[in-house]
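Below is one structure; the comments refer to it alone.
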Amino acid sequence: MKRVGCYLRVSTSEQTVENQRNDLRAYCAARGWNNVIEYSDTASGTRERRPGLDHLMSEVKSRRVDVVVVAAFDRLGRSVRHLVETLELLRHLDVEFISLREQIDTGSPLGQAVFTIIAAIAQLERSLIVERVKAGLRRARAEGKRLGRPRLRVDHRRLESVAARKLPVRLAARELGVSPSSYLRLVRAQVASSSEPRSASCV
């Protein structure tokens, strides 16, 4: 028996979820689905929380839901990007998705084609992000900008003084105002290059 999760969402300007609920219940009854749980949220403000949707997706990830049914696409996603990510997750977990308004059922061949298109869009977005990052790095190199963490500078004589006291690493690092790992790198650099000028450098 299929385990069905129906998701309902209304904005504060809407009176009730009853229209959505009635449509979803009628659809599930027509499909002969009896093992149905409803999850609902009321939108409020721009930074809305959706405990109902979060609960549903938690059940999906735990593989306790086989089918997700919504009244319309715009009920499910917080944004277009979130909608695409959610549908891609459902596809990855082999969870059927049904949207009544758009008449999409991914249990059908046409619905599977929709999932394929959504997956392609998600992959395209990831590729574009990667390409934008690479382009940004190439531009920074072309402009002579130094990439990575800024160089760490510590006074050469002060580093020698602290190291000579043989303090615990954490305490020595605190005196120099650096992290323990940075302190150790500075000391190694100092030992490896006794010809270092007035400062020790480490990336």
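Ligands are numbered from 1 in the order shown, chains are lettered A, B, ... in the order of the structure tokens, and residues start at 1 in each chain.
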**OP:** Give me the residues within 8 Å of Val95 in chain A as a PyMOL selection string, counting only C-alpha atoms and dropping any in the same chain fewer than 3 places off.
**Re:** chain A and resi 60+65-68+90-92
Output C-alpha atoms of each residue in that selection to a file, as a PDB file, in the first residue's frame.
```pdb
ATOM      1  CA  VAL A  60      10.477  11.473   2.633  1.00  0.00           C
ATOM      2  CA  VAL A  65       6.477   8.414   2.110  1.00  0.00           C
ATOM      3  CA  ASP A  66       6.055   6.948  -1.377  1.00  0.00           C
ATOM      4  CA  VAL A  67       3.975   9.707  -3.000  1.00  0.00           C
ATOM      5  CA  VAL A  68       3.837  13.480  -2.478  1.00  0.00           C
ATOM      6  CA  LEU A  90      12.106  13.278  -4.764  1.00  0.00           C
ATOM      7  CA  ARG A  91      13.404  11.889  -8.051  1.00  0.00           C
ATOM      8  CA  HIS A  92      16.618  10.686  -6.378  1.00  0.00           C
TER       9      HIS A  92
END
```
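Non-sequential neighbours of Pro51 in chain A (distance at most 9 Å, separation of 3 or more positions within a chain, only C-alpha atoms) are Tyr39, Ser40, Asp41, Asp54, His55 and Leu56 of chain A.
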Subject >> Those in chain A with helix (DSSP H, G or I) from DSSP, as an MDAnalysis selection string >> reply: chainID A and resid 18:30 51:61 73:76 80:92 109:142 156:164 169:176 180:192
**OP:** Find the residues around Met1 in chain A up to 10 Å (only C-alpha atoms counted), leave out those fewer than 2 positions away in its own chain, and share them as a list in words.
**Re:** Arg3, Val4, Gly32, Trp33, Asn34, Asn35 and Asp66 of chain A
Store the residues picked out above in a file with C-alpha atoms, as an mmCIF file, in the first residue's frame.
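So part-v8.cif came out as:
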```cif
data_model
loop_
_atom_site.group_PDB
_atom_site.id
_atom_site.type_symbol
_atom_site.label_atom_id
_atom_site.label_comp_id
_atom_site.auth_asym_id
_atom_site.auth_seq_id
_atom_site.Cartn_x
_atom_site.Cartn_y
_atom_site.Cartn_z
ATOM 1 C CA ARG A 3 2.134 5.858 1.770
ATOM 2 C CA VAL A 4 0.934 9.258 0.632
ATOM 3 C CA GLY A 32 -7.867 4.213 -3.820
ATOM 4 C CA TRP A 33 -5.238 5.514 -1.426
ATOM 5 C CA ASN A 34 -6.153 5.125 2.227
ATOM 6 C CA ASN A 35 -2.760 5.535 3.907
ATOM 7 C CA ASP A 66 6.055 6.948 -1.377
#
```
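For the pair CA of Asp105 in chain A and CA of Lys2 in chain A, the interatomic distance is 14.6 Å.
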Subject >> Which of range 110-179 of chain A DSSP labels strand (DSSP E or B), written as a ChimeraX atom specification >> reply: /A:152-155
Subject >> Distance in Å - CA of His156 in chain A versus CA of Arg170 in chain A >> reply: 18.7 Å
Subject >> Point-to-point distance in Å for CA of Gln103 in chain A and CA of Ile118 in chain A >> reply: 15.8 Å
**OP:** Tell me which protein, DNA and RNA residues are within 8 Å of Leu100 in chain A, counting only C-alpha atoms, leaving out same-chain ones fewer than 2 positions away, and put them as a ChimeraX atom specification.
**Re:** /A:69-72,98,102-104
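With only C-alpha atoms taken into account, the protein and nucleic acid residues at most 10 Å from Leu24 in chain A (excluding it and anything under 4 positions from it in its own chain) are Cys6, Tyr7, Leu8, Glu18, Asn19, Gln20, Cys28, Ala29, Ala30, Glu38, Val69, Val70, Ala71, Ser99 and Leu100 of chain A.
Among A:Arg139, A:Gln190, A:Arg9, A:Val133, the residue with the shortest atom-to-atom distance to Gly77 in chain A, counting only C-alpha atoms, is A:Arg9.
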**OP:** Using only C-alpha atoms, pick whichever of A:Leu176, A:Val17, A:Ile117, A:Val191 has the shortest atom-to-atom distance to Asp155 in chain A.
**Re:** A:Leu176
